[in-house]
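final.pdb (PDB, C-alpha atoms)
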ATOM      1  CA  MET A 122    -117.729 -12.810  19.017
ATOM      2  CA  LYS A 123    -117.350 -16.147  17.198
ATOM      3  CA  ASN A 124    -113.713 -16.450  18.276
ATOM      4  CA  ILE A 125    -114.326 -15.721  21.955
ATOM      5  CA  LYS A 126    -114.079 -18.719  24.240
ATOM      6  CA  PRO A 127    -117.593 -19.596  25.453
ATOM      7  CA  TYR A 128    -118.465 -19.409  29.125
ATOM      8  CA  LEU A 129    -120.486 -22.617  28.642
ATOM      9  CA  ILE A 130    -121.970 -24.745  25.882
ATOM     10  CA  VAL A 131    -125.625 -25.478  26.640
ATOM     11  CA  LYS A 132    -128.168 -27.680  24.893
ATOM     12  CA  ASP A 133    -131.791 -26.854  24.112
ATOM     13  CA  HIS A 134    -133.310 -29.769  26.019
ATOM     14  CA  SER A 135    -136.941 -28.801  25.367
ATOM     15  CA  VAL A 136    -137.395 -28.469  21.610
ATOM     16  CA  SER A 137    -134.569 -28.504  19.084
ATOM     17  CA  LYS A 138    -131.803 -30.403  20.953
ATOM     18  CA  GLU A 139    -129.356 -27.924  19.375
ATOM     19  CA  GLU A 140    -126.290 -26.673  21.216
ATOM     20  CA  PHE A 141    -125.624 -22.990  21.866
ATOM     21  CA  LYS A 142    -122.704 -21.076  23.312
ATOM     22  CA  LEU A 143    -122.995 -18.697  26.229
ATOM     23  CA  ILE A 144    -120.667 -15.774  25.559
ATOM     24  CA  TYR A 145    -119.612 -13.345  28.282
ATOM     25  CA  ASN A 146    -120.480  -9.685  27.690
ATOM     26  CA  ASP A 147    -118.120  -7.679  29.900
ATOM     27  CA  LYS A 148    -119.878  -4.361  29.245
ATOM     28  CA  PHE A 149    -123.024  -5.552  31.033
ATOM     29  CA  ASP A 150    -121.575  -8.471  33.034
ATOM     30  CA  MET A 151    -124.020 -10.863  31.415
ATOM     31  CA  LEU A 152    -124.029 -13.924  29.174
ATOM     32  CA  GLU A 153    -125.415 -13.907  25.642
ATOM     33  CA  THR A 154    -126.814 -16.943  23.857
ATOM     34  CA  PHE A 155    -124.907 -17.485  20.607
ATOM     35  CA  PRO A 156    -125.923 -17.830  17.901
ATOM     36  CA  GLN A 157    -129.244 -16.127  18.536
ATOM     37  CA  PRO A 158    -131.945 -17.414  16.176
ATOM     38  CA  PRO A 159    -133.366 -14.795  13.785
ATOM     39  CA  GLU A 160    -136.287 -13.001  15.386
ATOM     40  CA  GLU A 161    -138.754 -14.397  12.855
ATOM     41  CA  LYS A 162    -137.701 -17.960  13.769
ATOM     42  CA  LEU A 163    -137.722 -17.613  17.551
ATOM     43  CA  SER A 164    -141.372 -18.680  17.876
ATOM     44  CA  ALA A 165    -140.475 -22.182  16.635
ATOM     45  CA  TYR A 166    -138.464 -22.736  19.815
ATOM     46  CA  TYR A 167    -141.590 -22.181  21.942
ATOM     47  CA  LYS A 168    -143.607 -24.882  20.181
ATOM     48  CA  SER A 169    -143.591 -27.414  22.955
ATOM     49  CA  GLU A 170    -146.293 -28.801  25.212
ATOM     50  CA  ASP A 171    -143.734 -28.411  27.987
ATOM     51  CA  TYR A 172    -143.666 -24.613  27.749
ATOM     52  CA  ILE A 173    -145.655 -24.105  30.923
ATOM     53  CA  SER A 174    -146.306 -20.347  30.903
ATOM     54  CA  HIS A 175    -148.442 -20.761  27.778
ATOM     55  CA  THR A 176    -150.867 -23.261  29.297
ATOM     56  CA  ASP A 177    -153.071 -23.801  32.341
ATOM     57  CA  ALA A 178    -152.548 -27.564  32.172
ATOM     58  CA  LYS A 179    -151.605 -29.586  35.267
ATOM     59  CA  ARG A 180    -150.690 -32.895  33.639
ATOM     60  CA  ASN A 181    -147.608 -33.868  35.651
ATOM     61  CA  LEU A 182    -145.520 -33.061  38.719
ATOM     62  CA  PHE A 183    -143.615 -30.213  37.028
ATOM     63  CA  GLU A 184    -146.811 -28.479  35.976
ATOM     64  CA  ARG A 185    -148.515 -29.010  39.333
ATOM     65  CA  VAL A 186    -145.473 -27.623  41.179
ATOM     66  CA  TYR A 187    -145.304 -24.680  38.753
ATOM     67  CA  HIS A 188    -148.950 -23.766  39.248
ATOM     68  CA  PHE A 189    -148.712 -24.205  43.017
ATOM     69  CA  ILE A 190    -145.725 -21.853  43.188
ATOM     70  CA  ARG A 191    -147.458 -19.439  40.814
ATOM     71  CA  SER A 192    -150.544 -19.305  43.038
ATOM     72  CA  LEU A 193    -148.369 -18.434  46.026
ATOM     73  CA  SER A 194    -146.378 -15.827  44.116
ATOM     74  CA  LEU A 195    -149.451 -14.004  42.765
ATOM     75  CA  GLN A 196    -150.326 -12.550  46.158
ATOM     76  CA  ARG A 197    -146.706 -11.592  46.758
ATOM     77  CA  LYS A 198    -146.604  -9.779  43.418
ATOM     78  CA  LEU A 199    -149.849  -7.982  44.208
ATOM     79  CA  LYS A 200    -148.575  -6.981  47.636
ATOM     80  CA  LEU A 201    -145.432  -5.574  46.021
ATOM     81  CA  ILE A 202    -147.207  -3.337  43.499
ATOM     82  CA  ASN A 203    -149.663  -2.205  46.185
ATOM     83  CA  THR A 204    -146.787  -0.767  48.239
ATOM     84  CA  PHE A 205    -146.130   2.009  45.734
ATOM     85  CA  ASN A 206    -147.596   5.417  46.532
ATOM     86  CA  LEU A 207    -149.063   6.170  43.106
ATOM     87  CA  SER A 208    -151.722   8.619  41.998
ATOM     88  CA  ASP A 209    -153.156   6.132  39.500
ATOM     89  CA  ARG A 210    -153.087   2.370  39.171
ATOM     90  CA  ASN A 211    -152.283   1.710  35.521
ATOM     91  CA  LEU A 212    -150.434  -1.572  35.114
ATOM     92  CA  LEU A 213    -148.771  -3.098  32.041
ATOM     93  CA  ASP A 214    -147.584  -6.711  32.284
ATOM     94  CA  ILE A 215    -145.180  -7.720  29.513
ATOM     95  CA  GLY A 216    -145.260 -11.402  28.570
ATOM     96  CA  CYS A 217    -148.313 -11.987  30.713
ATOM     97  CA  GLY A 218    -148.780 -15.623  29.658
ATOM     98  CA  THR A 219    -152.240 -16.882  30.562
ATOM     99  CA  GLY A 220    -153.084 -13.721  32.499
ATOM    100  CA  ASP A 221    -153.290 -14.810  36.124
ATOM    101  CA  PHE A 222    -151.308 -11.879  37.491
ATOM    102  CA  LEU A 223    -153.370  -9.411  35.454
ATOM    103  CA  ARG A 224    -156.598 -10.984  36.671
ATOM    104  CA  THR A 225    -155.392 -10.795  40.291
ATOM    105  CA  ALA A 226    -154.443  -7.125  39.885
ATOM    106  CA  GLN A 227    -157.675  -6.305  38.061
ATOM    107  CA  LYS A 228    -159.719  -7.757  40.913
ATOM    108  CA  ASN A 229    -157.801  -5.420  43.228
ATOM    109  CA  ASN A 230    -158.719  -2.222  41.383
ATOM    110  CA  TRP A 231    -155.786  -1.955  39.002
ATOM    111  CA  ASN A 232    -156.371  -0.814  35.425
ATOM    112  CA  VAL A 233    -154.580  -3.564  33.542
ATOM    113  CA  SER A 234    -153.092  -4.121  30.117
ATOM    114  CA  GLY A 235    -150.974  -7.027  28.979
ATOM    115  CA  ILE A 236    -148.660  -8.009  26.146
ATOM    116  CA  GLU A 237    -148.454 -11.667  25.107
ATOM    117  CA  PRO A 238    -147.131 -12.785  21.703
ATOM    118  CA  ASN A 239    -148.392 -16.382  21.943
ATOM    119  CA  GLN A 240    -151.899 -16.585  20.475
ATOM    120  CA  GLU A 241    -153.107 -19.511  22.586
ATOM    121  CA  ALA A 242    -151.893 -17.980  25.852
ATOM    122  CA  ARG A 243    -153.294 -14.588  24.824
ATOM    123  CA  ASP A 244    -156.742 -16.066  24.209
ATOM    124  CA  ILE A 245    -156.737 -17.648  27.669
ATOM    125  CA  ALA A 246    -155.570 -14.372  29.229
ATOM    126  CA  ASN A 247    -158.251 -12.341  27.448
ATOM    127  CA  ASN A 248    -160.955 -14.644  28.795
ATOM    128  CA  LYS A 249    -159.690 -13.868  32.300
ATOM    129  CA  THR A 250    -159.235 -10.105  31.904
ATOM    130  CA  ASN A 251    -162.077  -8.878  29.678
ATOM    131  CA  ASN A 252    -159.822  -8.568  26.624
ATOM    132  CA  ALA A 253    -157.041  -6.544  28.231
ATOM    133  CA  VAL A 254    -154.219  -8.439  26.509
ATOM    134  CA  PHE A 255    -152.628  -7.580  23.147
ATOM    135  CA  ASN A 256    -150.029  -8.846  20.719
ATOM    136  CA  ILE A 257    -146.531  -7.389  20.930
ATOM    137  CA  ASP A 258    -147.099  -4.829  18.156
ATOM    138  CA  GLN A 259    -149.388  -2.952  20.575
ATOM    139  CA  LEU A 260    -146.312  -2.031  22.618
ATOM    140  CA  LEU A 261    -145.461   0.761  20.182
ATOM    141  CA  LYS A 262    -149.057   2.032  20.099
ATOM    142  CA  PHE A 263    -149.404   2.946  23.764
ATOM    143  CA  GLU A 264    -149.010   6.629  24.570
ATOM    144  CA  SER A 265    -145.879   7.786  26.377
ATOM    145  CA  ASN A 266    -146.096   8.160  30.171
ATOM    146  CA  SER A 267    -149.129   5.851  30.291
ATOM    147  CA  PHE A 268    -148.267   3.430  33.082
ATOM    148  CA  ASP A 269    -147.558   3.644  36.783
ATOM    149  CA  VAL A 270    -146.118   0.119  36.886
ATOM    150  CA  ILE A 271    -144.658  -2.104  34.174
ATOM    151  CA  THR A 272    -143.867  -5.689  35.119
ATOM    152  CA  LEU A 273    -141.716  -8.317  33.430
ATOM    153  CA  TRP A 274    -141.922 -11.584  35.352
ATOM    154  CA  HIS A 275    -139.181 -13.745  33.783
ATOM    155  CA  VAL A 276    -139.586 -12.007  30.426
ATOM    156  CA  LEU A 277    -136.625  -9.658  29.888
ATOM    157  CA  GLU A 278    -134.359 -12.603  29.096
ATOM    158  CA  HIS A 279    -136.619 -13.485  26.139
ATOM    159  CA  LEU A 280    -136.609 -10.109  24.367
ATOM    160  CA  PRO A 281    -134.336  -9.993  21.301
ATOM    161  CA  LYS A 282    -133.948  -6.207  21.093
ATOM    162  CA  LEU A 283    -132.857  -5.664  24.667
ATOM    163  CA  SER A 284    -131.697  -2.031  24.498
ATOM    164  CA  ASP A 285    -134.642  -0.984  22.328
ATOM    165  CA  HIS A 286    -137.127  -2.549  24.714
ATOM    166  CA  MET A 287    -135.527  -0.921  27.747
ATOM    167  CA  SER A 288    -135.952   2.453  26.015
ATOM    168  CA  ILE A 289    -139.594   1.674  25.251
ATOM    169  CA  PHE A 290    -140.324   0.733  28.861
ATOM    170  CA  LYS A 291    -138.696   3.957  30.022
ATOM    171  CA  SER A 292    -140.889   6.005  27.669
ATOM    172  CA  LEU A 293    -144.100   4.261  28.730
ATOM    173  CA  LEU A 294    -143.533   4.829  32.449
ATOM    174  CA  LYS A 295    -144.856   7.882  34.232
ATOM    175  CA  GLN A 296    -142.576  10.044  36.342
ATOM    176  CA  ASN A 297    -141.756   8.058  39.508
ATOM    177  CA  GLY A 298    -143.352   4.964  37.959
ATOM    178  CA  ARG A 299    -141.827   1.536  38.633
ATOM    179  CA  LEU A 300    -140.359  -1.051  36.318
ATOM    180  CA  ILE A 301    -140.348  -4.472  37.959
ATOM    181  CA  ILE A 302    -137.968  -7.014  36.447
ATOM    182  CA  ALA A 303    -137.732 -10.637  37.599
ATOM    183  CA  VAL A 304    -134.944 -12.692  35.999
ATOM    184  CA  PRO A 305    -132.755 -15.718  36.747
ATOM    185  CA  ASN A 306    -129.327 -15.023  38.222
ATOM    186  CA  TYR A 307    -126.472 -16.893  36.546
ATOM    187  CA  LYS A 308    -124.238 -16.131  39.545
ATOM    188  CA  SER A 309    -126.425 -18.104  41.954
ATOM    189  CA  TYR A 310    -125.201 -21.281  43.611
ATOM    190  CA  ASP A 311    -127.634 -23.531  41.735
ATOM    191  CA  ALA A 312    -126.459 -22.085  38.393
ATOM    192  CA  LYS A 313    -122.843 -22.800  39.301
ATOM    193  CA  HIS A 314    -123.720 -26.251  40.637
ATOM    194  CA  TYR A 315    -125.710 -27.470  37.625
ATOM    195  CA  LYS A 316    -123.618 -25.595  35.029
ATOM    196  CA  SER A 317    -124.760 -26.565  31.519
ATOM    197  CA  PHE A 318    -127.677 -28.511  33.011
ATOM    198  CA  TRP A 319    -129.078 -25.453  34.814
ATOM    199  CA  ALA A 320    -132.681 -25.261  33.626
ATOM    200  CA  ALA A 321    -132.817 -21.461  33.806
ATOM    201  CA  PHE A 322    -130.343 -21.112  30.929
ATOM    202  CA  ASP A 323    -133.189 -22.451  28.734
ATOM    203  CA  VAL A 324    -131.451 -21.672  25.434
ATOM    204  CA  PRO A 325    -132.310 -20.290  22.937
ATOM    205  CA  ARG A 326    -135.541 -18.963  24.456
ATOM    206  CA  HIS A 327    -133.411 -17.145  27.012
ATOM    207  CA  LEU A 328    -131.258 -14.854  24.919
ATOM    208  CA  TRP A 329    -129.613 -13.044  27.847
ATOM    209  CA  HIS A 330    -128.461 -14.280  31.247
ATOM    210  CA  PHE A 331    -128.226 -11.576  33.889
ATOM    211  CA  SER A 332    -126.325 -10.802  37.073
ATOM    212  CA  GLN A 333    -127.155  -8.097  39.603
ATOM    213  CA  SER A 334    -124.673  -5.734  37.977
ATOM    214  CA  SER A 335    -126.212  -6.468  34.552
ATOM    215  CA  ILE A 336    -129.567  -5.078  35.604
ATOM    216  CA  SER A 337    -127.918  -2.157  37.382
ATOM    217  CA  LYS A 338    -126.021  -1.189  34.230
ATOM    218  CA  LEU A 339    -128.993  -1.700  31.902
ATOM    219  CA  THR A 340    -131.318   0.456  33.985
ATOM    220  CA  ALA A 341    -128.652   3.118  34.524
ATOM    221  CA  SER A 342    -128.246   3.380  30.762
ATOM    222  CA  GLU A 343    -131.893   4.607  30.685
ATOM    223  CA  HIS A 344    -131.361   6.917  33.669
ATOM    224  CA  MET A 345    -133.405   4.745  35.998
ATOM    225  CA  GLU A 346    -132.304   3.515  39.408
ATOM    226  CA  ILE A 347    -132.776   0.252  41.259
ATOM    227  CA  GLU A 348    -134.831   0.978  44.358
ATOM    228  CA  LYS A 349    -134.584  -2.482  45.888
ATOM    229  CA  THR A 350    -133.783  -6.101  45.042
ATOM    230  CA  LEU A 351    -135.874  -8.997  46.328
ATOM    231  CA  PRO A 352    -135.250 -12.771  46.314
ATOM    232  CA  MET A 353    -137.468 -15.337  44.608
ATOM    233  CA  LYS A 354    -136.679 -18.218  46.941
ATOM    234  CA  PHE A 355    -139.125 -20.718  45.439
ATOM    235  CA  ASP A 356    -137.237 -20.536  42.145
ATOM    236  CA  ALA A 357    -134.195 -22.276  43.614
ATOM    237  CA  TYR A 358    -136.274 -25.378  44.377
ATOM    238  CA  TYR A 359    -138.230 -25.403  41.143
ATOM    239  CA  VAL A 360    -135.195 -24.754  38.926
ATOM    240  CA  SER A 361    -133.227 -27.419  40.800
ATOM    241  CA  LEU A 362    -136.052 -29.895  40.189
ATOM    242  CA  LEU A 363    -135.985 -29.155  36.464
ATOM    243  CA  SER A 364    -132.180 -29.235  36.419
ATOM    244  CA  GLU A 365    -132.120 -32.665  38.056
ATOM    245  CA  LYS A 366    -134.482 -33.912  35.349
ATOM    246  CA  ILE A 367    -132.211 -32.532  32.621
ATOM    247  CA  LYS A 368    -129.027 -33.836  34.249
ATOM    248  CA  THR A 369    -130.124 -37.323  35.322
ATOM    249  CA  GLY A 370    -133.382 -38.028  33.512
ATOM    250  CA  LYS A 371    -135.148 -38.286  36.875
ATOM    251  CA  MET A 372    -136.909 -35.729  39.053
ATOM    252  CA  ASN A 373    -134.901 -36.513  42.215
ATOM    253  CA  PRO A 374    -137.053 -34.262  44.429
ATOM    254  CA  ILE A 375    -134.992 -34.856  47.570
ATOM    255  CA  THR A 376    -131.725 -33.915  45.854
ATOM    256  CA  ALA A 377    -133.426 -30.954  44.187
ATOM    257  CA  PHE A 378    -134.798 -29.740  47.509
ATOM    258  CA  TYR A 379    -131.337 -30.019  49.090
ATOM    259  CA  GLN A 380    -129.699 -28.047  46.276
ATOM    260  CA  GLY A 381    -132.439 -25.426  46.361
ATOM    261  CA  LEU A 382    -132.097 -25.053  50.117
ATOM    262  CA  LYS A 383    -128.323 -24.801  49.860
ATOM    263  CA  SER A 384    -128.654 -22.161  47.162
ATOM    264  CA  ASN A 385    -130.963 -20.051  49.317
ATOM    265  CA  LEU A 386    -128.783 -20.375  52.407
ATOM    266  CA  LEU A 387    -125.615 -19.427  50.537
ATOM    267  CA  ALA A 388    -127.402 -16.500  48.894
ATOM    268  CA  LYS A 389    -128.026 -14.712  52.178
ATOM    269  CA  SER A 390    -124.605 -13.064  52.294
ATOM    270  CA  LYS A 391    -124.416 -11.599  48.761
ATOM    271  CA  ASN A 392    -128.072 -11.810  47.684
ATOM    272  CA  GLU A 393    -127.115 -14.179  44.852
ATOM    273  CA  TYR A 394    -130.466 -15.994  44.790
ATOM    274  CA  SER A 395    -131.537 -18.244  41.913
ATOM    275  CA  SER A 396    -133.859 -15.496  40.667
ATOM    276  CA  LEU A 397    -134.210 -11.884  41.739
ATOM    277  CA  ILE A 398    -136.863  -9.180  41.501
ATOM    278  CA  TYR A 399    -135.543  -5.688  40.744
ATOM    279  CA  VAL A 400    -137.757  -2.716  41.563
ATOM    280  CA  VAL A 401    -136.604   0.117  39.300
ATOM    281  CA  LYS A 402    -137.751   3.714  39.735
ATOM    282  CA  ASN A 403    -138.201   6.086  36.818
ATOM    283  CA  SER A 404    -137.036   9.199  38.642
ATOM    284  CA  ASN A 405    -135.918  11.261  35.620
TER     285      ASN A 405
END

How does this structure look as structure tokens?
Amino acid sequence: MKNIKPYLIVKDHSVSKEEFKLIYNDKFDMLETFPQPPEEKLSAYYKSEDYISHTDAKRNLFERVYHFIRSLSLQRKLKLINTFNLSDRNLLDIGCGTGDFLRTAQKNNWNVSGIEPNQEARDIANNKTNNAVFNIDQLLKFESNSFDVITLWHVLEHLPKLSDHMSIFKSLLKQNGRLIIAVPNYKSYDAKHYKSFWAAFDVPRHLWHFSQSSISKLTASEHMEIEKTLPMKFDAYYVSLLSEKIKTGKMNPITAFYQGLKSNLLAKSKNEYSSLIYVVKNSN
């Protein structure tokens, strides 16, 4: 892999300022961050006050926009999981951050569990959910066929053992349960426009960078099928705002809004939105 020409060279703008290569994986039509930090050292790359999913702070425009979008998306997420005709309502949210989605689901009669490796975020989440959130080692302690729905909201791209985790999720789902995966789409217009400045590359925290065919191939390898694919239209605006900051040093909200709008309009024909939600059915 070292001798393969990189798709892009991208800098870690948040923490280390190191450069990483994005290498194309033709088997899964995805990009891989290279080199990937050893698993035991990955946590160091999350040690930043700017890592928003680990805090409830609203100190600046980025954080206020993030929390505003999150508040809007919570009801959409709840509406999505409520559409499934399930006998039980057992939900597992992987990488649940500060627990807002779990709390929303719990208030709507879901039996919730969460996985969050960050101690500070986990403590906040447990205060919101009556201690329903665990460290990542709990993932192997759940019984097989325990959950009706497993959600990963912008989490799959962070998991170092991708194939192993997909197998675990498959084993934890009940028959006809749903795996919901939300990830950035490196084939979107905003990704192609901002290139190495695209905020959703977020190396090396994002180890994998997916396309629609990537998720199709990954889920098929576990004998699961994609039931439907949904756009996350707000992501185009938010990611463009962050990308403008990385590229120019300024927020440039008007330019970011224009690029986000253009991305969403161009995505209508091929569904290549900035981020996508995949609803995956465990039918076997």

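The nearest approach to His327 of chain A among the residues A:Leu386, A:Cys217, A:Leu277, A:Val136, with only C-alpha atoms taken into account, belongs to A:Leu277.
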
Taking 5 positions as the minimum chain separation for residues in the same chain, which residues sit within 12 Å of Asp356 of chain A when counting all atoms listed in the file? Answer as an MDAnalysis selection string.
chainID A and resid 186:187 190:191 193:194 275 303:306 309 311:312 320:321 361:364 377:378 380:382 384:385 394:398

Give me a file of those residues, with C-alpha atoms, as a compact mmCIF listing (two decimals), in the frame of the given file.
# COMPACT_ATOMS: atom_id res chain seq x y z
CA VAL A 186 -145.47 -27.62 41.18
CA TYR A 187 -145.30 -24.68 38.75
CA ILE A 190 -145.72 -21.85 43.19
CA ARG A 191 -147.46 -19.44 40.81
CA LEU A 193 -148.37 -18.43 46.03
CA SER A 194 -146.38 -15.83 44.12
CA HIS A 275 -139.18 -13.74 33.78
CA ALA A 303 -137.73 -10.64 37.60
CA VAL A 304 -134.94 -12.69 36.00
CA PRO A 305 -132.76 -15.72 36.75
CA ASN A 306 -129.33 -15.02 38.22
CA SER A 309 -126.42 -18.10 41.95
CA ASP A 311 -127.63 -23.53 41.74
CA ALA A 312 -126.46 -22.08 38.39
CA ALA A 320 -132.68 -25.26 33.63
CA ALA A 321 -132.82 -21.46 33.81
CA SER A 361 -133.23 -27.42 40.80
CA LEU A 362 -136.05 -29.90 40.19
CA LEU A 363 -135.99 -29.16 36.46
CA SER A 364 -132.18 -29.24 36.42
CA ALA A 377 -133.43 -30.95 44.19
CA PHE A 378 -134.80 -29.74 47.51
CA GLN A 380 -129.70 -28.05 46.28
CA GLY A 381 -132.44 -25.43 46.36
CA LEU A 382 -132.10 -25.05 50.12
CA SER A 384 -128.65 -22.16 47.16
CA ASN A 385 -130.96 -20.05 49.32
CA TYR A 394 -130.47 -15.99 44.79
CA SER A 395 -131.54 -18.24 41.91
CA SER A 396 -133.86 -15.50 40.67
CA LEU A 397 -134.21 -11.88 41.74
CA ILE A 398 -136.86 -9.18 41.50

Quick one: everything within 6 Å of segment 260-269 of chain A, counting only C-alpha atoms, minus sequence neighbours fewer than 6 positions away in the same chain. Send it as number ranges by chain.
A: 211-212, 292-295, 298

Minimum-distance residue to His279 of chain A, chosen among A:Glu346, A:Asp214, A:Asp323, A:Glu139 (using only C-alpha atoms)
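Looking at the shortest contact to His279 of chain A, the residue is A:Asp323.
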
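Note on the selection: in this file the PyMOL selection byres ((chain A and resi 196-206) around 8) comes out as A:Ser192, A:Leu193, A:Ser194, A:Leu195, A:Leu207, A:Ser208, A:Phe222, A:Thr225, A:Ala226, A:Val270.
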
Between A:Phe155, A:Tyr128, A:Trp319, A:Trp329, which residue has the minimum interatomic distance to Phe141 of chain A, considering all atoms listed in the file?
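Of the candidates, the smallest distance to Phe141 of chain A is held by A:Phe155.
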
Need the shell around Asp147 of chain A: protein/DNA/RNA residues with any atom at most 12 Å away, counting all atoms listed in the file. Skip same-chain ones fewer than 5 positions apart. Format as a PyMOL selection string?
chain A and resi 125+128+152-153+331-332+334-335+338

Please determine, counting all atoms listed in the file, which residue among A:Glu278, A:Pro159, A:Asn239, A:Gly218 has the shortest atom-to-atom distance to His330 of chain A.
A:Glu278

Grab the atom CA of Thr369 of chain A to atom CA of Glu140 of chain A distance for me, in Å with one decimal place.
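Between atom CA of Thr369 of chain A and atom CA of Glu140 of chain A the gap works out to 18.1 Å.
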
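Of note, atom CA of Ser404 of chain A and atom CA of Asn392 of chain A are spaced 24.6 Å apart.
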
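Among the candidates A:Arg210, A:His344, A:His314, A:Lys391, the one nearest to Val233 of chain A when counting only C-alpha atoms is A:Arg210.
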
Please indicate the distance in Å from atom CA of Lys142 of chain A to atom CA of Val360 of chain A, rounded to one decimal place.
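About the pair atom CA of Lys142 of chain A and atom CA of Val360 of chain A: they are 20.3 Å apart.
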